[in-house]
file input30.pdb (PDB, C-alpha atoms, pLDDT in the B column)
MODEL        1
ATOM      1  CA  MET A   1     100.876  98.176 125.128  1.00 96.00           C
ATOM      2  CA  LYS A   2      98.962  98.434 121.885  1.00 97.00           C
ATOM      3  CA  TYR A   3      97.390  95.819 119.646  1.00 97.00           C
ATOM      4  CA  GLU A   4      97.099  96.093 115.891  1.00 94.00           C
ATOM      5  CA  ASN A   5      94.239  95.051 113.610  1.00 95.00           C
ATOM      6  CA  VAL A   6      91.597  94.890 116.366  1.00 97.00           C
ATOM      7  CA  ILE A   7      88.007  94.043 115.453  1.00 98.00           C
ATOM      8  CA  GLN A   8      84.790  93.426 117.385  1.00 98.00           C
ATOM      9  CA  GLY A   9      82.832  90.179 117.522  1.00 98.00           C
ATOM     10  CA  VAL A  10      80.181  88.273 119.463  1.00 98.00           C
ATOM     11  CA  PHE A  11      81.148  85.298 121.593  1.00 98.00           C
ATOM     12  CA  ILE A  12      79.344  82.021 120.823  1.00 98.00           C
ATOM     13  CA  ASP A  13      81.043  79.246 122.812  1.00 98.00           C
ATOM     14  CA  ARG A  14      84.366  77.800 123.936  1.00 97.00           C
ATOM     15  CA  PRO A  15      84.866  74.148 122.958  1.00 97.00           C
ATOM     16  CA  ASN A  16      88.145  73.965 124.902  1.00 96.00           C
ATOM     17  CA  ARG A  17      90.453  76.285 126.816  1.00 93.00           C
ATOM     18  CA  PHE A  18      92.465  77.207 123.711  1.00 96.00           C
ATOM     19  CA  LEU A  19      89.700  77.902 121.194  1.00 97.00           C
ATOM     20  CA  ALA A  20      86.416  79.780 120.925  1.00 98.00           C
ATOM     21  CA  HIS A  21      83.735  80.319 118.313  1.00 98.00           C
ATOM     22  CA  VAL A  22      83.029  83.978 117.604  1.00 98.00           C
ATOM     23  CA  GLU A  23      80.679  85.672 115.186  1.00 98.00           C
ATOM     24  CA  ILE A  24      82.556  88.257 113.127  1.00 97.00           C
ATOM     25  CA  GLY A  25      80.683  90.164 110.456  1.00 94.00           C
ATOM     26  CA  GLY A  26      77.923  87.562 110.346  1.00 95.00           C
ATOM     27  CA  LYS A  27      80.356  84.662 109.953  1.00 97.00           C
ATOM     28  CA  THR A  28      81.379  82.124 112.609  1.00 98.00           C
ATOM     29  CA  GLU A  29      85.147  81.998 113.131  1.00 98.00           C
ATOM     30  CA  THR A  30      87.235  79.655 115.269  1.00 98.00           C
ATOM     31  CA  VAL A  31      89.672  81.851 117.205  1.00 98.00           C
ATOM     32  CA  HIS A  32      92.533  81.395 119.642  1.00 97.00           C
ATOM     33  CA  VAL A  33      91.791  82.346 123.263  1.00 97.00           C
ATOM     34  CA  LYS A  34      94.856  84.038 124.766  1.00 95.00           C
ATOM     35  CA  ASN A  35      93.945  82.861 128.267  1.00 94.00           C
ATOM     36  CA  THR A  36      93.763  79.258 129.472  1.00 88.00           C
ATOM     37  CA  GLY A  37      91.969  80.261 132.699  1.00 88.00           C
ATOM     38  CA  ARG A  38      88.299  79.583 133.270  1.00 89.00           C
ATOM     39  CA  CYS A  39      86.884  83.091 132.536  1.00 94.00           C
ATOM     40  CA  ARG A  40      83.438  81.550 133.107  1.00 92.00           C
ATOM     41  CA  GLU A  41      81.841  84.783 134.248  1.00 94.00           C
ATOM     42  CA  LEU A  42      83.209  86.609 131.176  1.00 97.00           C
ATOM     43  CA  LEU A  43      82.968  84.313 128.178  1.00 97.00           C
ATOM     44  CA  LEU A  44      79.198  83.961 127.999  1.00 97.00           C
ATOM     45  CA  PRO A  45      77.139  83.491 124.827  1.00 98.00           C
ATOM     46  CA  GLY A  46      76.366  86.857 123.267  1.00 98.00           C
ATOM     47  CA  ALA A  47      79.200  88.724 125.014  1.00 98.00           C
ATOM     48  CA  GLU A  48      80.912  91.540 123.142  1.00 98.00           C
ATOM     49  CA  VAL A  49      84.509  90.506 122.446  1.00 98.00           C
ATOM     50  CA  TYR A  50      87.530  92.008 120.747  1.00 98.00           C
ATOM     51  CA  LEU A  51      90.065  90.200 118.645  1.00 98.00           C
ATOM     52  CA  THR A  52      93.388  90.943 117.034  1.00 97.00           C
ATOM     53  CA  GLU A  53      94.521  89.607 113.668  1.00 95.00           C
ATOM     54  CA  PRO A  54      98.290  89.031 113.974  1.00 92.00           C
ATOM     55  CA  ARG A  55      98.690  88.129 110.280  1.00 88.00           C
ATOM     56  CA  SER A  56     101.719  85.967 111.046  1.00 88.00           C
ATOM     57  CA  SER A  57     102.595  82.842 109.102  1.00 87.00           C
ATOM     58  CA  GLY A  58     102.001  79.300 110.347  1.00 88.00           C
ATOM     59  CA  ARG A  59      98.922  80.097 112.433  1.00 92.00           C
ATOM     60  CA  LYS A  60      96.042  77.645 112.799  1.00 92.00           C
ATOM     61  CA  THR A  61      93.566  80.444 113.543  1.00 96.00           C
ATOM     62  CA  ARG A  62      93.221  83.875 111.993  1.00 95.00           C
ATOM     63  CA  TYR A  63      92.302  85.766 115.167  1.00 97.00           C
ATOM     64  CA  ASP A  64      93.277  85.982 118.846  1.00 97.00           C
ATOM     65  CA  LEU A  65      90.578  86.805 121.412  1.00 98.00           C
ATOM     66  CA  ILE A  66      92.039  89.481 123.708  1.00 98.00           C
ATOM     67  CA  ALA A  67      89.180  91.325 125.445  1.00 98.00           C
ATOM     68  CA  VAL A  68      85.568  90.869 126.525  1.00 98.00           C
ATOM     69  CA  ARG A  69      82.902  93.162 127.910  1.00 98.00           C
ATOM     70  CA  LYS A  70      81.180  91.757 130.981  1.00 97.00           C
ATOM     71  CA  GLU A  71      77.423  92.000 131.538  1.00 94.00           C
ATOM     72  CA  ASN A  72      78.030  94.875 133.990  1.00 93.00           C
ATOM     73  CA  GLY A  73      79.660  96.885 131.185  1.00 95.00           C
ATOM     74  CA  LEU A  74      83.273  96.520 132.336  1.00 96.00           C
ATOM     75  CA  LEU A  75      85.812  95.776 129.610  1.00 98.00           C
ATOM     76  CA  PHE A  76      88.371  93.109 130.537  1.00 98.00           C
ATOM     77  CA  ASN A  77      91.642  92.412 128.807  1.00 98.00           C
ATOM     78  CA  ILE A  78      92.034  88.624 129.076  1.00 98.00           C
ATOM     79  CA  ASP A  79      95.330  88.246 127.225  1.00 98.00           C
ATOM     80  CA  SER A  80      97.502  86.253 129.654  1.00 96.00           C
ATOM     81  CA  GLN A  81     100.660  87.567 127.967  1.00 96.00           C
ATOM     82  CA  ALA A  82      99.658  91.222 128.400  1.00 98.00           C
ATOM     83  CA  PRO A  83     100.512  91.609 132.138  1.00 98.00           C
ATOM     84  CA  ASN A  84     104.200  90.863 131.548  1.00 98.00           C
ATOM     85  CA  GLN A  85     104.317  93.229 128.592  1.00 98.00           C
ATOM     86  CA  VAL A  86     102.766  96.157 130.452  1.00 97.00           C
ATOM     87  CA  VAL A  87     104.898  95.513 133.542  1.00 96.00           C
ATOM     88  CA  LYS A  88     108.032  95.580 131.381  1.00 97.00           C
ATOM     89  CA  GLU A  89     106.941  98.958 130.023  1.00 96.00           C
ATOM     90  CA  TRP A  90     106.221 100.143 133.560  1.00 93.00           C
ATOM     91  CA  LEU A  91     109.546  98.904 134.963  1.00 94.00           C
ATOM     92  CA  GLU A  92     111.438 100.708 132.206  1.00 94.00           C
ATOM     93  CA  GLU A  93     109.994 103.956 133.575  1.00 91.00           C
ATOM     94  CA  GLN A  94     111.108 103.288 137.175  1.00 89.00           C
ATOM     95  CA  GLY A  95     114.822 104.026 136.803  1.00 90.00           C
ATOM     96  CA  PHE A  96     116.348 100.576 137.207  1.00 94.00           C
ATOM     97  CA  ASP A  97     119.907 100.079 135.977  1.00 96.00           C
ATOM     98  CA  ARG A  98     119.143  96.641 134.570  1.00 97.00           C
ATOM     99  CA  ILE A  99     115.986  94.647 133.846  1.00 97.00           C
ATOM    100  CA  VAL A 100     116.132  91.000 132.792  1.00 98.00           C
ATOM    101  CA  PRO A 101     112.889  89.217 131.776  1.00 98.00           C
ATOM    102  CA  GLU A 102     112.447  85.476 132.359  1.00 97.00           C
ATOM    103  CA  TYR A 103     115.221  85.247 134.952  1.00 98.00           C
ATOM    104  CA  THR A 104     116.214  81.796 136.200  1.00 97.00           C
ATOM    105  CA  TYR A 105     116.143  81.641 139.993  1.00 95.00           C
ATOM    106  CA  GLY A 106     116.182  78.379 141.900  1.00 89.00           C
ATOM    107  CA  ASN A 107     113.937  75.929 140.078  1.00 87.00           C
ATOM    108  CA  SER A 108     111.789  78.629 138.469  1.00 92.00           C
ATOM    109  CA  ARG A 109     111.795  81.302 135.845  1.00 95.00           C
ATOM    110  CA  ILE A 110     110.835  84.520 137.603  1.00 97.00           C
ATOM    111  CA  ASP A 111     109.275  87.130 135.343  1.00 98.00           C
ATOM    112  CA  PHE A 112     111.757  89.951 136.051  1.00 98.00           C
ATOM    113  CA  TYR A 113     115.137  90.496 137.664  1.00 98.00           C
ATOM    114  CA  MET A 114     116.100  94.125 138.425  1.00 96.00           C
ATOM    115  CA  GLU A 115     119.248  95.897 139.541  1.00 96.00           C
ATOM    116  CA  TRP A 116     119.689  99.432 140.880  1.00 94.00           C
ATOM    117  CA  GLY A 117     122.972 100.378 142.464  1.00 94.00           C
ATOM    118  CA  ASP A 118     124.022  97.494 144.691  1.00 95.00           C
ATOM    119  CA  ASN A 119     120.447  96.255 145.052  1.00 95.00           C
ATOM    120  CA  ARG A 120     118.795  93.257 143.419  1.00 97.00           C
ATOM    121  CA  GLY A 121     115.127  92.527 142.937  1.00 96.00           C
ATOM    122  CA  LEU A 122     112.859  89.772 141.633  1.00 98.00           C
ATOM    123  CA  MET A 123     109.303  90.305 140.478  1.00 97.00           C
ATOM    124  CA  GLU A 124     106.683  87.698 139.636  1.00 97.00           C
ATOM    125  CA  VAL A 125     103.675  88.997 137.686  1.00 97.00           C
ATOM    126  CA  LYS A 126     100.103  87.690 137.833  1.00 96.00           C
ATOM    127  CA  GLY A 127      97.140  88.909 135.812  1.00 96.00           C
ATOM    128  CA  CYS A 128      93.782  89.386 137.560  1.00 96.00           C
ATOM    129  CA  THR A 129      90.649  89.027 135.412  1.00 96.00           C
ATOM    130  CA  LEU A 130      88.158  87.904 138.057  1.00 96.00           C
ATOM    131  CA  GLU A 131      85.890  90.689 139.399  1.00 96.00           C
ATOM    132  CA  VAL A 132      82.897  90.378 141.719  1.00 94.00           C
ATOM    133  CA  ASP A 133      80.986  93.489 142.812  1.00 93.00           C
ATOM    134  CA  GLY A 134      83.917  95.783 142.100  1.00 92.00           C
ATOM    135  CA  ILE A 135      86.509  93.631 143.875  1.00 93.00           C
ATOM    136  CA  GLY A 136      89.230  91.666 142.122  1.00 94.00           C
ATOM    137  CA  TYR A 137      90.151  88.107 143.069  1.00 96.00           C
ATOM    138  CA  PHE A 138      93.142  85.917 142.225  1.00 96.00           C
ATOM    139  CA  PRO A 139      93.408  83.187 141.106  1.00 95.00           C
ATOM    140  CA  ASP A 140      90.328  82.186 139.113  1.00 92.00           C
ATOM    141  CA  ALA A 141      91.555  78.569 139.079  1.00 91.00           C
ATOM    142  CA  PRO A 142      94.004  76.585 141.264  1.00 94.00           C
ATOM    143  CA  THR A 143      97.579  77.546 140.416  1.00 95.00           C
ATOM    144  CA  ALA A 144     100.364  75.169 141.398  1.00 95.00           C
ATOM    145  CA  ARG A 145     102.750  77.385 139.423  1.00 94.00           C
ATOM    146  CA  GLY A 146     101.708  80.405 141.472  1.00 95.00           C
ATOM    147  CA  VAL A 147     102.347  78.537 144.718  1.00 96.00           C
ATOM    148  CA  LYS A 148     105.789  77.492 143.487  1.00 96.00           C
ATOM    149  CA  HIS A 149     106.667  81.094 142.622  1.00 96.00           C
ATOM    150  CA  LEU A 150     105.610  82.351 146.044  1.00 97.00           C
ATOM    151  CA  HIS A 151     107.940  79.837 147.685  1.00 96.00           C
ATOM    152  CA  GLU A 152     110.767  81.125 145.472  1.00 97.00           C
ATOM    153  CA  LEU A 153     110.006  84.745 146.382  1.00 97.00           C
ATOM    154  CA  ILE A 154     110.045  83.917 150.092  1.00 97.00           C
ATOM    155  CA  ARG A 155     113.460  82.301 149.655  1.00 97.00           C
ATOM    156  CA  ALA A 156     114.661  85.331 147.696  1.00 97.00           C
ATOM    157  CA  THR A 157     113.866  87.672 150.585  1.00 97.00           C
ATOM    158  CA  GLU A 158     115.982  85.474 152.842  1.00 97.00           C
ATOM    159  CA  GLU A 159     118.868  85.895 150.381  1.00 97.00           C
ATOM    160  CA  GLY A 160     118.657  89.677 150.355  1.00 96.00           C
ATOM    161  CA  TYR A 161     116.562  90.324 147.261  1.00 97.00           C
ATOM    162  CA  LEU A 162     113.684  92.748 147.081  1.00 96.00           C
ATOM    163  CA  ALA A 163     111.013  90.212 146.162  1.00 96.00           C
ATOM    164  CA  ILE A 164     107.760  91.432 144.625  1.00 95.00           C
ATOM    165  CA  ALA A 165     104.527  89.689 143.689  1.00 95.00           C
ATOM    166  CA  ALA A 166     102.717  92.060 141.327  1.00 95.00           C
ATOM    167  CA  PHE A 167      99.059  91.650 140.360  1.00 95.00           C
ATOM    168  CA  VAL A 168      98.069  93.408 137.140  1.00 96.00           C
ATOM    169  CA  ILE A 169      94.355  94.261 137.221  1.00 96.00           C
ATOM    170  CA  GLN A 170      93.106  93.847 133.666  1.00 97.00           C
ATOM    171  CA  VAL A 171      89.967  95.960 134.069  1.00 97.00           C
ATOM    172  CA  ASP A 172      89.205  99.590 134.917  1.00 96.00           C
ATOM    173  CA  GLY A 173      87.838 100.685 138.275  1.00 92.00           C
ATOM    174  CA  VAL A 174      88.961  97.847 140.545  1.00 91.00           C
ATOM    175  CA  THR A 175      90.707  99.278 143.601  1.00 76.00           C
ATOM    176  CA  GLU A 176      90.929  96.172 145.768  1.00 82.00           C
ATOM    177  CA  VAL A 177      92.165  92.633 145.178  1.00 87.00           C
ATOM    178  CA  ARG A 178      91.685  89.671 147.484  1.00 92.00           C
ATOM    179  CA  PRO A 179      93.029  86.118 147.449  1.00 95.00           C
ATOM    180  CA  ASN A 180      90.422  83.765 146.021  1.00 95.00           C
ATOM    181  CA  VAL A 181      90.525  81.383 148.971  1.00 95.00           C
ATOM    182  CA  GLU A 182      87.355  79.582 147.909  1.00 95.00           C
ATOM    183  CA  THR A 183      89.042  78.454 144.703  1.00 95.00           C
ATOM    184  CA  HIS A 184      92.578  77.938 146.026  1.00 97.00           C
ATOM    185  CA  PRO A 185      92.952  78.267 149.824  1.00 97.00           C
ATOM    186  CA  GLU A 186      96.625  77.218 149.728  1.00 97.00           C
ATOM    187  CA  PHE A 187      97.498  80.211 147.548  1.00 97.00           C
ATOM    188  CA  GLY A 188      95.788  82.630 149.935  1.00 95.00           C
ATOM    189  CA  THR A 189      97.543  81.153 152.973  1.00 96.00           C
ATOM    190  CA  LEU A 190     100.931  81.224 151.277  1.00 97.00           C
ATOM    191  CA  LEU A 191     100.456  84.769 150.008  1.00 95.00           C
ATOM    192  CA  ARG A 192      99.863  85.966 153.561  1.00 95.00           C
ATOM    193  CA  LYS A 193     102.949  84.034 154.682  1.00 97.00           C
ATOM    194  CA  ALA A 194     104.947  85.646 151.866  1.00 96.00           C
ATOM    195  CA  GLU A 195     103.944  89.145 152.951  1.00 94.00           C
ATOM    196  CA  LYS A 196     104.916  88.402 156.557  1.00 96.00           C
ATOM    197  CA  ALA A 197     108.261  87.078 155.264  1.00 97.00           C
ATOM    198  CA  GLY A 198     108.954  90.408 153.567  1.00 95.00           C
ATOM    199  CA  VAL A 199     107.685  89.872 150.026  1.00 96.00           C
ATOM    200  CA  THR A 200     106.263  93.117 148.667  1.00 93.00           C
ATOM    201  CA  ILE A 201     102.777  92.496 147.276  1.00 91.00           C
ATOM    202  CA  LEU A 202     101.527  95.073 144.803  1.00 91.00           C
ATOM    203  CA  MET A 203      98.361  95.652 142.832  1.00 91.00           C
ATOM    204  CA  LEU A 204      98.810  97.495 139.536  1.00 93.00           C
ATOM    205  CA  PRO A 205      95.495  98.990 138.330  1.00 94.00           C
ATOM    206  CA  CYS A 206      95.157  99.430 134.590  1.00 96.00           C
ATOM    207  CA  HIS A 207      93.203 101.299 131.954  1.00 96.00           C
ATOM    208  CA  VAL A 208      91.722  98.987 129.323  1.00 98.00           C
ATOM    209  CA  GLU A 209      90.708  99.806 125.762  1.00 98.00           C
ATOM    210  CA  PRO A 210      89.803  97.269 123.067  1.00 98.00           C
ATOM    211  CA  ASP A 211      93.236  97.826 121.511  1.00 98.00           C
ATOM    212  CA  SER A 212      95.400  98.630 124.543  1.00 98.00           C
ATOM    213  CA  LEU A 213      96.318  97.960 128.164  1.00 98.00           C
ATOM    214  CA  LYS A 214      98.282 100.385 130.348  1.00 96.00           C
ATOM    215  CA  ILE A 215      99.216 100.516 134.023  1.00 95.00           C
ATOM    216  CA  LEU A 216      97.850 103.680 135.595  1.00 92.00           C
ATOM    217  CA  PRO A 217     100.673 105.905 136.873  1.00 84.00           C
ATOM    218  CA  GLY A 218     100.783 106.587 140.579  1.00 71.00           C
ATOM    219  CA  HIS A 219      98.076 104.087 141.483  1.00 58.00           C
ATOM    220  CA  THR A 220      99.947 101.091 142.884  1.00 59.00           C
ATOM    221  CA  CYS A 221      98.566  99.773 146.156  1.00 52.00           C
ATOM    222  CA  ARG A 222      98.943  96.876 148.506  1.00 52.00           C
ATOM    223  CA  PHE A 223      97.185  93.560 148.205  1.00 45.00           C
ATOM    224  CA  CYS A 224      94.204  93.267 150.572  1.00 42.00           C
ATOM    225  CA  PHE A 225      93.685  90.371 152.979  1.00 40.00           C
ATOM    226  CA  PHE A 226      90.051  90.094 154.070  1.00 33.00           C
TER     227      PHE A 226
ENDMDL
END

call {"tool": "encode", "arguments": {"input": "input30.pdb", "output": "structure tokens"}}
result
Amino acid sequence: MKYENVIQGVFIDRPNRFLAHVEIGGKTETVHVKNTGRCRELLLPGAEVYLTEPRSSGRKTRYDLIAVRKENGLLFNIDSQAPNQVVKEWLEEQGFDRIVPEYTYGNSRIDFYMEWGDNRGLMEVKGCTLEVDGIGYFPDAPTARGVKHLHELIRATEEGYLAIAAFVIQVDGVTEVRPNVETHPEFGTLLRKAEKAGVTILMLPCHVEPDSLKILPGHTCRFCFF
């Protein structure tokens, strides 16, 4: 996926989870943060950030904050809508007969429903933006929604679906992802239960540029439990 009208700025602060103050061309701008997660290790004063200017009508802010460079030099895409967009692009290259985004299953909306031949699949997508010493962790904050989706995927396997939990790694160079059990132990326990129940758990490494995010071809791997 590609962004248009991308510019660089310097992060100042984040008064709430929706907004941030960023210096752009010597001027302080209030911008929309396209990620309601904590991102505490990323959004630090003085951090190099990248923003897109959608130029759509009815906006309260001129810019969206989409990427940030961490102190270790790694560039992170933090747009929480980007994982679904890049997965849709990726799925369209996999030869499915039918792909339906935002599919209603049980009491949830699962990100993707797929058909190929007589087979049916469901995929729930999560974006990973938390990295520590070259290892990715999910989630960066407790996620009741994530727990609910795992329960739905477990039920789907019992009903004959190929059920997939896919973790999009929004930074280059991360080759391993672990459940963040310190932040949300229930999610880690349930994820292990889901795998044992037959849910396929994938990590999708990506290449990140200030104006783009793309899943790397041929680099999918299993989630790691350590």

call {"tool": "resolve_selection", "arguments": {"input": "input30.pdb", "expression": "the PyMOL selection byres ((chain A and resi 15-21) around 6)", "output": "MDAnalysis selection string"}}
result
chainID A and resid 12:14 22 29:33 36

call {"tool": "resolve_selection", "arguments": {"input": "input30.pdb", "expression": "the PyMOL selection byres ((chain A and resi 213) around 9)", "output": "list in words"}}
result
Met1, Lys2, Tyr3, Asn77, Ala82, Pro83, Val86, Gln170, Val171, Cys206, His207, Val208, Glu209, Pro210, Asp211, Ser212, Lys214 and Ile215 of chain A

call {"tool": "atom_distance", "arguments": {"input": "input30.pdb", "atom1": "CA of Glu48 in chain A", "atom2": "CA of Gly26 in chain A"}}
result
13.7 Å

call {"tool": "resolve_selection", "arguments": {"input": "input30.pdb", "expression": "the PyMOL selection byres ((chain A and resi 142) around 10)", "output": "number ranges by chain"}}
result
A: 37, 138-141, 143-147, 180-187

call {"tool": "closest_residue", "arguments": {"input": "input30.pdb", "among": "A:Pro101, A:Pro54, A:Pro45, A:Gly188", "to": "Ile7 in chain A", "atoms": "only C-alpha atoms"}}
result
A:Pro54

call {"tool": "atom_distance", "arguments": {"input": "input30.pdb", "atom1": "CA of Arg192 in chain A", "atom2": "CA of Ile164 in chain A"}}
result
13.1 Å

call {"tool": "atom_distance", "arguments": {"input": "input30.pdb", "atom1": "CA of Arg38 in chain A", "atom2": "CA of Arg59 in chain A"}}
result
23.4 Å
